[in-house]
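The structure appears below as structure tokens.
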Amino acid sequence: MSKDDQILEEFTSKEYEHGWSVDFEADEAPLGINEDIVRFISTKKEEPEWLLEWRLKAYRRWTEMTEPTWPNVKYPAINYQGIRYYSAPKQKKNPKNLSEVDPELLKTFERLGISLQEQKRLTGVAVDAVIDSVSVATTFKETLSELGIIFCSFSEAVKEHPDLVKKYLGSVVPYNDNYFAALNSAVFSDGSFCYIPKGVRCPMELSTYFRINAANTGQFERTLIVAEEASYVSYLEGCTAPQRDENQLHAAVVEIFAAKDAEVKYSTVQNWYPGDRNGKGGIYNFVTKRGICDGDNSKISWTQVETGSAVTWKYPSCILKGDNSSGEFYSVAVTNNHQQADTGTKMIHIGKNTRSRIVSKGISAGKSQNSYRGQVHILKRAENARNFSQCDSLLMGDQCGAHTFPYIDVENNSAQVEHEATTSKIGEDQIFYCQQRGIDEESAVALIVNGFAKEVMNKLPMEFAVEAQKLLALTLEGSVG
Amino acid sequence: MLEIKNLHASVEGKEILKGINLTINPGEVHAIMGPNGSGKSTLASVLAGREEFEVTEGSVTYKGIDLLELAPEERAREGVFLAFQYPVEIPGVTTTNFLKTAVNQVRESRGEKPLDAVSFLKLMKEKMKLVDINQSLLSRSLNEGFSGGEKKRNEIFQMAMLEPALSILDETDSGLDIDALKIVADGVNTLKTKETATIVVTHYQRLLNYIVPDFVHVLLNGRIVKSGTKALALELEDKGYDWIKEETAAV
Ligand SMILES: Nc1ncnc2c1ncn2[C@@H]1O[C@H](COP(=O)(O)OP(=O)(O)O)[C@@H](O)[C@H]1O
Ligand SMILES: [Mg+2]
């Protein structure tokens with residue numbers, strides 16, 4: 001066990017000593033999954049009957065499905081009976097001061113340039129909110145509710161706004177959509193719910209930080225965003241996880257619904273634990289994200305910076321149903337050491353004059369494998385559809401791999417589809433040029449990589465851009481020389 | 001300031017520099033001339049610390065320290081600057097951003113505080129005048145899509161920003177028209193002080209009309225075969241390199 005893990009272990013086990021294990025155990029489901037576990041979760045969450053039925057349908061469907069094997073990733077078989085599907089929060093026991101917090105975490109945050117206050121908030125989340133997969137505290141709730149905006153945890157939404165949840169849950173990603181979406185539908189523990197009423201521009205960025213903390217626990221959160229006619233919202237999602245020797249499963253679902261003239265921007269900075277240098281441990285990140293541009297002139301934009309996880313399987317997609325609707329996907333995926341990423345998007349053009357734009361930047365270092373997988377499907381009805389795709393790969397060293405799998409399906413002759421792809425190696429001459437000006441090698445790599453990813457980084461909200469830039473540099477640390 | 005003794009260097013097992021001796025004092029300008037492939041850029045690269053060149057023999061002392069022991073960025077921070085013959089493109093990184101990183105890392109190594117955005121901009125404005133470069137060029141990706149002349153001018157702009165003690169200009173004149181040549185030479189002359197030294201690598205004596213050298217050395221096949229004053233440069237222009245080749249062959 002590494003020193004960092006030891007400190008972490010000590011820290012967590014110390015909490016166990018402090019006398020609240022009785023309550024805690026009562027709030028934990030036994031390992032494994034079956035119909036009783038699904039019922040257990042639903043009961044714990046005091047859910048209405050219809051939701052339990054929906055979960056059970058999902059569970060039954062899931063048992064008939066098989067894990068997908070088409071992604072370009074390899075990992076040992078997951079033992080679904082070895083995972084704990086529900087674990088309630090440890091009773092409030094915040095670290096009294098910063099010296100009680102895992103120093104490795106502190107160091108990471110320091111290097112990310114997150115202020116001390118921010119550090120306290122984030123590590124606070126890690127300790128009292130994450131073990132249970134419960135959504136982070138929601139701030140500015142009142143300001144938002146004056147505008148009719150609902151922003152709360154998924155559990156709260158089920159209780160307070162059951163009609164909205166019932167109407168939209170599974171409307172974009174059905175419970176039987178794919179293996180991991182079905183699993184999520186059966187056992188999801190919490191997540192965020194966001195509703196923007198007609199004509200309202202959400203005045204601030206809404207954000208959620210996710211953290212996996214407990215060992216052996218899967219994380220299955222669910223996010224649902226509904227943007228009514230002519231509304232606008234920008235949503236941020238960030239995630240981190242502590243270092244653990246075993247792999248942990250994260251199977252989330254995000255659904256976005258955009259009505260006529262609505263616009264939703266969804267940004268993610270994903271920094272789940274990627275495993276150690278030798279590929280031990282790390283998060284399996286199998287996520288389904290999809291948005292529907294349901295109304296005319298609506299717009300959904302995905303921006304993602306993927307630096308973490310041992311294995312990533314993720315394709316934020318847009319269904320462009322409304323006429324003149326548009327979808328965007330901007331992605332930077334960085335893999336180092338033994339990380340594997342298979343990520344991309346799907347743009348399904350149904351309405352007339354629909355537009356989509358895909359900009360994917362893959363950066364691979366170490367022994368990692370980085371794949372872009374994208375589908376552009378122009379249906380018969382989609383008169384005058386346009387797509388532009390740009391996929392660039394940057395390689396560092398000669399033991400990593402970059403792969404591009406574009407699928408283009410055009411059923412309407414008026415469509416214009418453009419696909420460009422480049423692969424380049426980070427040049428020794430580029431690094432030397434920087435060094436000759438006094439810039440050390442690591443900063444040189446960070447500079448070059450951030451330059452490569454600039455078009456995507458520019459799409460991130462300010463609050464995230466700096467953090468994301470530093471993350472890129474951190475992920476690639478030690479990957480040259 | 002710089003003392004090169006019996007310097008041998010190879011690349012991929014092939015010896016390129018075959019015993020260079022050269023001493024440069026503060027305040028001096030040395031021109032190094034020689035035909036293509038004679039090893040001029042190799043010498044510049046070895047001084048700047050490029051790893052693919054292996055020093056097999058000899059020593060380089062700079063300000064009393066063993067230069068060959070230092071990493072490239074440490075040499076730069078000690079004041080060694082190389083204006084590249086072929087400046088490198090870095091997509092997505094503006095010259096401004098690049099230089100800000102460079103200037104602040106150099107300052108940090110000297111125990112100075114980093115420049116804030118305002119002071120940095122002020123410094124830029126001041127140095128931009130020196131080489132008549134405009135802001136829009138500096139806001140574009142470094143060297144990407146720059147003309148040959150713009151790249152060279154940008155190199156001298158970077159030199160102005162970093163204020164090195166020893167500048168090595170590797171064929172900075174190639175690709176420049178006469179007006180640009182004058183501007184670049186003026187910039188180099190303005191930056192020159194009694195404490196700084198300059199090595200001008202060139203093919204043509206044209207540049208030396210504007211940056212007047214104290215010494216001229218002819219590099220041939222990895223060795224300095226002849227040294228002299230500016231008159232030697234004129235003679236080379238007149239007669240080419242063949243007579244020197246013959247002269248050295250005869251020895
Ligand atoms: N990276 C390299 N690999 C192999 N040979 C090289 C390399 N760089 C330079 N050379 C060789 O070294 C010799 C000197 O090159 P160079 O120093 O560029 O000459 P100059 O600048 O005087 O024209 C040439 O024969 C050139 O082909
Ligand atoms: Mg040369």
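Here, A, B, ... name the chains of the structure tokens in the order displayed, residue numbers run from 1 inside each chain, and ligands are numbered from 1 in the same displayed order.
For ligand 2, the set of protein, DNA and RNA residues within 9 Å, based on only C-alpha atoms and all ligand atoms, reads Asn36, Gly37, Ser38, Gly39, Lys40, Ser41, Thr42, Ala44, Gln85, Tyr86, Asp170, Glu171, Val201, Thr202 and His203 of chain B.
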Go through chain A and flag each residue having an atom no more than 12 Å from chain B; for those, report the closest pair of atoms plus their distance in Å to one decimal, using only C-alpha atoms, ordered by chain and rising number, as JSON lines.
```
{"residue": "A:Leu394", "atom": "CA", "partner": "B:Pro91", "partner_atom": "CA", "distance": 11.9}
{"residue": "A:Ser424", "atom": "CA", "partner": "B:Pro91", "partner_atom": "CA", "distance": 11.5}
{"residue": "A:Ile426", "atom": "CA", "partner": "B:Ile90", "partner_atom": "CA", "distance": 9.8}
{"residue": "A:Gly427", "atom": "CA", "partner": "B:Val88", "partner_atom": "CA", "distance": 9.5}
{"residue": "A:Glu428", "atom": "CA", "partner": "B:Glu51", "partner_atom": "CA", "distance": 9.5}
{"residue": "A:Asp429", "atom": "CA", "partner": "B:Val88", "partner_atom": "CA", "distance": 6.9}
{"residue": "A:Gln430", "atom": "CA", "partner": "B:Val88", "partner_atom": "CA", "distance": 6.1}
{"residue": "A:Ile431", "atom": "CA", "partner": "B:Val88", "partner_atom": "CA", "distance": 9.5}
{"residue": "A:Phe432", "atom": "CA", "partner": "B:Arg50", "partner_atom": "CA", "distance": 6.9}
{"residue": "A:Tyr433", "atom": "CA", "partner": "B:Val88", "partner_atom": "CA", "distance": 6.7}
{"residue": "A:Cys434", "atom": "CA", "partner": "B:Ala102", "partner_atom": "CA", "distance": 7.7}
{"residue": "A:Gln435", "atom": "CA", "partner": "B:Glu73", "partner_atom": "CA", "distance": 4.5}
{"residue": "A:Gln436", "atom": "CA", "partner": "B:Glu73", "partner_atom": "CA", "distance": 5.5}
{"residue": "A:Arg437", "atom": "CA", "partner": "B:Ala102", "partner_atom": "CA", "distance": 5.7}
{"residue": "A:Gly438", "atom": "CA", "partner": "B:Glu73", "partner_atom": "CA", "distance": 4.2}
{"residue": "A:Ile439", "atom": "CA", "partner": "B:Ala102", "partner_atom": "CA", "distance": 5.3}
{"residue": "A:Asp440", "atom": "CA", "partner": "B:Glu73", "partner_atom": "CA", "distance": 5.8}
{"residue": "A:Glu441", "atom": "CA", "partner": "B:Glu73", "partner_atom": "CA", "distance": 8.1}
{"residue": "A:Glu442", "atom": "CA", "partner": "B:Glu73", "partner_atom": "CA", "distance": 11.2}
{"residue": "A:Ser443", "atom": "CA", "partner": "B:Thr101", "partner_atom": "CA", "distance": 8.4}
{"residue": "A:Ala444", "atom": "CA", "partner": "B:Thr101", "partner_atom": "CA", "distance": 9.1}
{"residue": "A:Val445", "atom": "CA", "partner": "B:Ile90", "partner_atom": "CA", "distance": 10.9}
{"residue": "A:Ala446", "atom": "CA", "partner": "B:Val93", "partner_atom": "CA", "distance": 10.6}
{"residue": "A:Leu447", "atom": "CA", "partner": "B:Val93", "partner_atom": "CA", "distance": 7.1}
{"residue": "A:Ile448", "atom": "CA", "partner": "B:Ile90", "partner_atom": "CA", "distance": 6.6}
{"residue": "A:Val449", "atom": "CA", "partner": "B:Gly92", "partner_atom": "CA", "distance": 8.8}
{"residue": "A:Asn450", "atom": "CA", "partner": "B:Gly92", "partner_atom": "CA", "distance": 7.5}
{"residue": "A:Gly451", "atom": "CA", "partner": "B:Gly92", "partner_atom": "CA", "distance": 3.8}
{"residue": "A:Phe452", "atom": "CA", "partner": "B:Gly92", "partner_atom": "CA", "distance": 5.6}
{"residue": "A:Ala453", "atom": "CA", "partner": "B:Gly92", "partner_atom": "CA", "distance": 7.6}
{"residue": "A:Lys454", "atom": "CA", "partner": "B:Gly92", "partner_atom": "CA", "distance": 5.9}
{"residue": "A:Glu455", "atom": "CA", "partner": "B:Gly92", "partner_atom": "CA", "distance": 8.0}
{"residue": "A:Val456", "atom": "CA", "partner": "B:Gly92", "partner_atom": "CA", "distance": 10.9}
{"residue": "A:Met457", "atom": "CA", "partner": "B:Gly92", "partner_atom": "CA", "distance": 10.8}
{"residue": "A:Asn458", "atom": "CA", "partner": "B:Gly92", "partner_atom": "CA", "distance": 10.9}
{"residue": "A:Gly481", "atom": "CA", "partner": "B:Glu51", "partner_atom": "CA", "distance": 10.9}
```
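Atom CA of B:Asn209 is found 9.6 Å from atom CA of B:Lys182.
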Skipping near chain neighbours, those fewer than 2 positions away, what residues fall within 7 Å of A:Ser189 using only C-alpha atoms, listed as a PyMOL selection string?
chain A and resi 86+133+187+220-221
Could those selected residues go to a file with C-alpha atoms, as a JSON list (two decimals), in the first residue's frame?
```
[["chain", "number", "residue", "atom", "x", "y", "z"],
["A", 86, "TYR", "CA", -26.30, 1.71, -2.07],
["A", 133, "SER", "CA", -23.57, 9.49, -3.92],
["A", 187, "VAL", "CA", -30.02, 1.41, -9.10],
["A", 220, "PHE", "CA", -24.74, 5.63, -10.44],
["A", 221, "GLU", "CA", -25.96, 9.15, -10.65]]
```
Name the residues of stretch 166-288 of chain A that fall into helix (DSSP H, G or I) according to DSSP on the backbone, using the chain letters and numbers of this document, as a list in words.
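Those residues are Lys166, Lys167, Tyr168, Tyr179, Phe180, Ala181, Ala182, Leu183, Asn184, Ser185, Ala186 and Val187 of chain A.
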Between atom CA of A:Val305 and atom CA of A:Lys367 - distance in Å to one decimal:
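Taking atom CA of A:Lys367 as the start and atom CA of A:Val305 as the end point, the length is 19.8 Å.
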Out of B:Met161, B:Leu2, B:Ile24, B:Val200, which residue has the shortest atom-to-atom distance to ligand 1 when counting only C-alpha atoms and all ligand atoms?
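Ranked by minimum distance to ligand 1, first place goes to B:Val200.
Atom pair atom CA of A:Asp294 / atom CA of A:Leu320 has a distance of 7.0 Å (rounded to one decimal).
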Contacts of B:Ala233 at 12 Å (only C-alpha atoms; same-chain gap of 4+ positions) as a PDB file with N, CA and C atoms, in the first residue's frame:
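Written output follows (selection-v6.pdb):
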```pdb
ATOM      1  N   HIS B  30      31.176  38.261 -33.045  1.00  0.00           N
ATOM      2  CA  HIS B  30      31.914  37.303 -33.878  1.00  0.00           C
ATOM      3  C   HIS B  30      31.002  36.801 -34.990  1.00  0.00           C
ATOM      4  N   ALA B  31      31.528  36.827 -36.207  1.00  0.00           N
ATOM      5  CA  ALA B  31      30.765  36.253 -37.314  1.00  0.00           C
ATOM      6  C   ALA B  31      31.331  34.879 -37.619  1.00  0.00           C
ATOM      7  N   ILE B  32      30.421  33.919 -37.856  1.00  0.00           N
ATOM      8  CA  ILE B  32      30.868  32.598 -38.301  1.00  0.00           C
ATOM      9  C   ILE B  32      30.286  32.355 -39.684  1.00  0.00           C
ATOM     10  N   MET B  33      31.185  32.137 -40.636  1.00  0.00           N
ATOM     11  CA  MET B  33      30.752  31.940 -42.012  1.00  0.00           C
ATOM     12  C   MET B  33      31.210  30.568 -42.481  1.00  0.00           C
ATOM     13  N   GLY B  34      30.628  30.126 -43.550  1.00  0.00           N
ATOM     14  CA  GLY B  34      31.027  28.823 -44.067  1.00  0.00           C
ATOM     15  C   GLY B  34      29.957  28.277 -44.985  1.00  0.00           C
ATOM     16  N   VAL B 201      25.854  33.951 -37.236  1.00  0.00           N
ATOM     17  CA  VAL B 201      26.125  32.916 -38.235  1.00  0.00           C
ATOM     18  C   VAL B 201      25.490  33.363 -39.543  1.00  0.00           C
ATOM     19  N   THR B 202      26.282  33.441 -40.586  1.00  0.00           N
ATOM     20  CA  THR B 202      25.700  33.873 -41.851  1.00  0.00           C
ATOM     21  C   THR B 202      26.449  33.302 -43.036  1.00  0.00           C
ATOM     22  N   HIS B 203      25.772  33.371 -44.128  1.00  0.00           N
ATOM     23  CA  HIS B 203      26.241  32.894 -45.405  1.00  0.00           C
ATOM     24  C   HIS B 203      26.863  34.024 -46.181  1.00  0.00           C
ATOM     25  N   TYR B 204      26.250  35.190 -45.976  1.00  0.00           N
ATOM     26  CA  TYR B 204      26.582  36.337 -46.813  1.00  0.00           C
ATOM     27  C   TYR B 204      27.177  37.431 -45.969  1.00  0.00           C
ATOM     28  N   GLN B 205      28.014  38.224 -46.574  1.00  0.00           N
ATOM     29  CA  GLN B 205      28.610  39.313 -45.808  1.00  0.00           C
ATOM     30  C   GLN B 205      27.653  40.491 -45.703  1.00  0.00           C
ATOM     31  N   ARG B 206      26.548  40.460 -46.488  1.00  0.00           N
ATOM     32  CA  ARG B 206      25.575  41.542 -46.506  1.00  0.00           C
ATOM     33  C   ARG B 206      25.166  42.009 -45.100  1.00  0.00           C
ATOM     34  N   LEU B 207      24.812  41.048 -44.252  1.00  0.00           N
ATOM     35  CA  LEU B 207      24.372  41.379 -42.890  1.00  0.00           C
ATOM     36  C   LEU B 207      25.470  42.108 -42.112  1.00  0.00           C
ATOM     37  N   LEU B 208      26.718  41.742 -42.436  1.00  0.00           N
ATOM     38  CA  LEU B 208      27.849  42.270 -41.665  1.00  0.00           C
ATOM     39  C   LEU B 208      28.120  43.745 -41.968  1.00  0.00           C
ATOM     40  N   ASN B 209      27.466  44.263 -43.017  1.00  0.00           N
ATOM     41  CA  ASN B 209      27.530  45.706 -43.249  1.00  0.00           C
ATOM     42  C   ASN B 209      26.752  46.452 -42.176  1.00  0.00           C
ATOM     43  N   VAL B 212      28.349  45.001 -37.494  1.00  0.00           N
ATOM     44  CA  VAL B 212      29.772  44.947 -37.834  1.00  0.00           C
ATOM     45  C   VAL B 212      30.525  44.045 -36.862  1.00  0.00           C
ATOM     46  N   PRO B 213      31.155  42.999 -37.384  1.00  0.00           N
ATOM     47  CA  PRO B 213      31.839  42.047 -36.504  1.00  0.00           C
ATOM     48  C   PRO B 213      33.249  42.520 -36.120  1.00  0.00           C
ATOM     49  N   ASP B 214      33.661  42.101 -34.933  1.00  0.00           N
ATOM     50  CA  ASP B 214      35.053  42.338 -34.541  1.00  0.00           C
ATOM     51  C   ASP B 214      35.945  41.247 -35.117  1.00  0.00           C
ATOM     52  N   PHE B 215      35.372  40.055 -35.217  1.00  0.00           N
ATOM     53  CA  PHE B 215      36.128  38.928 -35.767  1.00  0.00           C
ATOM     54  C   PHE B 215      35.253  38.133 -36.732  1.00  0.00           C
ATOM     55  N   VAL B 216      35.899  37.555 -37.739  1.00  0.00           N
ATOM     56  CA  VAL B 216      35.198  36.678 -38.674  1.00  0.00           C
ATOM     57  C   VAL B 216      35.931  35.338 -38.693  1.00  0.00           C
ATOM     58  N   HIS B 217      35.131  34.247 -38.556  1.00  0.00           N
ATOM     59  CA  HIS B 217      35.732  32.914 -38.585  1.00  0.00           C
ATOM     60  C   HIS B 217      35.108  32.118 -39.723  1.00  0.00           C
ATOM     61  N   VAL B 218      35.953  31.336 -40.361  1.00  0.00           N
ATOM     62  CA  VAL B 218      35.422  30.479 -41.415  1.00  0.00           C
ATOM     63  C   VAL B 218      35.370  29.049 -40.888  1.00  0.00           C
ATOM     64  N   LYS B 226      39.997  29.436 -40.606  1.00  0.00           N
ATOM     65  CA  LYS B 226      40.596  30.748 -40.811  1.00  0.00           C
ATOM     66  C   LYS B 226      39.849  31.763 -39.967  1.00  0.00           C
ATOM     67  N   SER B 227      40.576  32.688 -39.336  1.00  0.00           N
ATOM     68  CA  SER B 227      39.956  33.776 -38.590  1.00  0.00           C
ATOM     69  C   SER B 227      40.579  35.077 -39.037  1.00  0.00           C
ATOM     70  N   GLY B 228      39.779  36.122 -38.955  1.00  0.00           N
ATOM     71  CA  GLY B 228      40.305  37.420 -39.360  1.00  0.00           C
ATOM     72  C   GLY B 228      39.369  38.518 -38.937  1.00  0.00           C
ATOM     73  N   THR B 229      39.475  39.657 -39.602  1.00  0.00           N
ATOM     74  CA  THR B 229      38.600  40.781 -39.298  1.00  0.00           C
ATOM     75  C   THR B 229      37.527  40.850 -40.379  1.00  0.00           C
ATOM     76  N   GLU B 237      33.362  37.078 -49.902  1.00  0.00           N
ATOM     77  CA  GLU B 237      32.295  37.457 -50.817  1.00  0.00           C
ATOM     78  C   GLU B 237      32.838  37.526 -52.240  1.00  0.00           C
ATOM     79  N   ASP B 238      34.008  38.052 -52.327  1.00  0.00           N
ATOM     80  CA  ASP B 238      34.674  38.236 -53.598  1.00  0.00           C
ATOM     81  C   ASP B 238      35.066  36.910 -54.232  1.00  0.00           C
ATOM     82  N   LYS B 239      35.686  36.057 -53.436  1.00  0.00           N
ATOM     83  CA  LYS B 239      36.350  34.894 -54.019  1.00  0.00           C
ATOM     84  C   LYS B 239      35.669  33.559 -53.708  1.00  0.00           C
ATOM     85  N   GLY B 240      34.621  33.576 -52.860  1.00  0.00           N
ATOM     86  CA  GLY B 240      33.985  32.318 -52.491  1.00  0.00           C
ATOM     87  C   GLY B 240      34.842  31.544 -51.504  1.00  0.00           C
ATOM     88  N   TYR B 241      34.465  30.258 -51.286  1.00  0.00           N
ATOM     89  CA  TYR B 241      35.160  29.467 -50.263  1.00  0.00           C
ATOM     90  C   TYR B 241      36.243  28.571 -50.843  1.00  0.00           C
TER      91      TYR B 241
END
```
Please identify all polymer residues within 6 Å of stretch 5-21 of chain B, counting only C-alpha atoms, omitting same-chain residues fewer than 2 positions from it, and present them as a list in words.
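Counting only the stated atoms, we get Phe53, Glu54, Val55, Thr56, Glu57, Gly58, Ser59, Gly222 and Arg223 of chain B.
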Restrict the selected residues to all heavy atoms and save them as a PDB file, in the first residue's frame.
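In the end it all went to again36.pdb:
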```pdb
ATOM      1  N   PHE B  53      22.634  16.084 -30.309  1.00  0.00           N
ATOM      2  CA  PHE B  53      24.060  16.192 -30.610  1.00  0.00           C
ATOM      3  C   PHE B  53      24.873  15.762 -29.396  1.00  0.00           C
ATOM      4  O   PHE B  53      24.685  16.282 -28.299  1.00  0.00           O
ATOM      5  CB  PHE B  53      24.416  17.631 -31.002  1.00  0.00           C
ATOM      6  CG  PHE B  53      23.724  18.076 -32.255  1.00  0.00           C
ATOM      7  CD1 PHE B  53      22.547  18.818 -32.194  1.00  0.00           C
ATOM      8  CD2 PHE B  53      24.226  17.725 -33.503  1.00  0.00           C
ATOM      9  CE1 PHE B  53      21.893  19.206 -33.350  1.00  0.00           C
ATOM     10  CE2 PHE B  53      23.571  18.115 -34.664  1.00  0.00           C
ATOM     11  CZ  PHE B  53      22.401  18.861 -34.591  1.00  0.00           C
ATOM     12  N   GLU B  54      25.763  14.826 -29.631  1.00  0.00           N
ATOM     13  CA  GLU B  54      26.549  14.309 -28.516  1.00  0.00           C
ATOM     14  C   GLU B  54      27.938  14.929 -28.541  1.00  0.00           C
ATOM     15  O   GLU B  54      28.642  14.860 -29.549  1.00  0.00           O
ATOM     16  CB  GLU B  54      26.649  12.780 -28.635  1.00  0.00           C
ATOM     17  CG  GLU B  54      27.144  12.132 -27.370  1.00  0.00           C
ATOM     18  CD  GLU B  54      27.662  10.715 -27.625  1.00  0.00           C
ATOM     19  OE1 GLU B  54      27.413  10.170 -28.725  1.00  0.00           O
ATOM     20  OE2 GLU B  54      28.324  10.175 -26.727  1.00  0.00           O
ATOM     21  N   VAL B  55      28.297  15.550 -27.420  1.00  0.00           N
ATOM     22  CA  VAL B  55      29.641  16.111 -27.321  1.00  0.00           C
ATOM     23  C   VAL B  55      30.583  14.982 -26.931  1.00  0.00           C
ATOM     24  O   VAL B  55      30.407  14.346 -25.893  1.00  0.00           O
ATOM     25  CB  VAL B  55      29.693  17.245 -26.277  1.00  0.00           C
ATOM     26  CG1 VAL B  55      31.126  17.729 -26.082  1.00  0.00           C
ATOM     27  CG2 VAL B  55      28.793  18.390 -26.709  1.00  0.00           C
ATOM     28  N   THR B  56      31.568  14.714 -27.783  1.00  0.00           N
ATOM     29  CA  THR B  56      32.442  13.568 -27.540  1.00  0.00           C
ATOM     30  C   THR B  56      33.779  13.982 -26.935  1.00  0.00           C
ATOM     31  O   THR B  56      34.489  13.169 -26.369  1.00  0.00           O
ATOM     32  CB  THR B  56      32.698  12.799 -28.858  1.00  0.00           C
ATOM     33  OG1 THR B  56      33.099  13.739 -29.865  1.00  0.00           O
ATOM     34  CG2 THR B  56      31.443  12.094 -29.329  1.00  0.00           C
ATOM     35  N   GLU B  57      34.104  15.255 -27.067  1.00  0.00           N
ATOM     36  CA  GLU B  57      35.398  15.726 -26.568  1.00  0.00           C
ATOM     37  C   GLU B  57      35.338  17.229 -26.420  1.00  0.00           C
ATOM     38  O   GLU B  57      34.560  17.902 -27.104  1.00  0.00           O
ATOM     39  CB  GLU B  57      36.476  15.360 -27.610  1.00  0.00           C
ATOM     40  CG  GLU B  57      37.792  14.892 -27.013  1.00  0.00           C
ATOM     41  CD  GLU B  57      38.843  14.664 -28.100  1.00  0.00           C
ATOM     42  OE1 GLU B  57      38.526  14.000 -29.117  1.00  0.00           O
ATOM     43  OE2 GLU B  57      39.967  15.173 -27.931  1.00  0.00           O
ATOM     44  N   GLY B  58      36.178  17.774 -25.552  1.00  0.00           N
ATOM     45  CA  GLY B  58      36.317  19.216 -25.453  1.00  0.00           C
ATOM     46  C   GLY B  58      35.468  19.825 -24.355  1.00  0.00           C
ATOM     47  O   GLY B  58      34.756  19.123 -23.633  1.00  0.00           O
ATOM     48  N   SER B  59      35.535  21.148 -24.230  1.00  0.00           N
ATOM     49  CA  SER B  59      34.807  21.825 -23.163  1.00  0.00           C
ATOM     50  C   SER B  59      34.278  23.179 -23.634  1.00  0.00           C
ATOM     51  O   SER B  59      34.783  23.760 -24.589  1.00  0.00           O
ATOM     52  CB  SER B  59      35.738  22.034 -21.961  1.00  0.00           C
ATOM     53  OG  SER B  59      36.753  22.959 -22.320  1.00  0.00           O
ATOM     54  N   GLY B 222      33.554  21.243 -40.077  1.00  0.00           N
ATOM     55  CA  GLY B 222      33.631  21.012 -38.629  1.00  0.00           C
ATOM     56  C   GLY B 222      34.824  21.629 -37.928  1.00  0.00           C
ATOM     57  O   GLY B 222      35.056  21.359 -36.754  1.00  0.00           O
ATOM     58  N   ARG B 223      35.588  22.449 -38.643  1.00  0.00           N
ATOM     59  CA  ARG B 223      36.733  23.111 -38.002  1.00  0.00           C
ATOM     60  C   ARG B 223      36.755  24.581 -38.385  1.00  0.00           C
ATOM     61  O   ARG B 223      36.347  24.948 -39.486  1.00  0.00           O
ATOM     62  CB  ARG B 223      38.048  22.501 -38.488  1.00  0.00           C
ATOM     63  CG  ARG B 223      38.349  21.147 -37.936  1.00  0.00           C
ATOM     64  CD  ARG B 223      39.793  20.755 -38.285  1.00  0.00           C
ATOM     65  NE  ARG B 223      40.020  19.365 -37.913  1.00  0.00           N
ATOM     66  CZ  ARG B 223      39.786  18.336 -38.738  1.00  0.00           C
ATOM     67  NH1 ARG B 223      39.367  18.555 -39.965  1.00  0.00           N
ATOM     68  NH2 ARG B 223      39.983  17.100 -38.315  1.00  0.00           N
TER      69      ARG B 223
END
```
When DSSP works through the backbone of this structure, what residues of stretch 118-228 of chain B end up as strand (DSSP E), shown as number ranges by chain?
B: 141-142, 166-170, 197-202, 215-220, 223-228
Rank B:Thr96, B:Asn154, B:Asn221, B:Thr172 by their smallest atom-to-atom distance to ligand 1, using only C-alpha atoms and all ligand atoms, and report the top residue only.
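The shortest atom-to-atom distance to ligand 1 comes from B:Asn221.
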Residues near A:Tyr168, cut-off 12 Å, only C-alpha atoms, skip fewer than 5 positions along chain, as a PyMOL selection string:
chain A and resi 157-158+161-163+173-175+193-195+223-228+254-258+291-292
Restricting the calculation to only C-alpha atoms and all ligand atoms: of B:Leu220, B:Asn143, B:Thr190, B:Glu235, which residue gets closest to ligand 1?
B:Leu220
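With only C-alpha atoms and all ligand atoms as the atoms that count, the residue of B:Gly27, B:Leu47, B:Val118, B:Ala231 with the shortest distance to ligand 1 is B:Leu47.
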Rank nothing, just name the residue among B:Val29, B:Leu219, B:Ala180, B:Leu236 nearest to B:Lys192, using only C-alpha atoms.
B:Val29
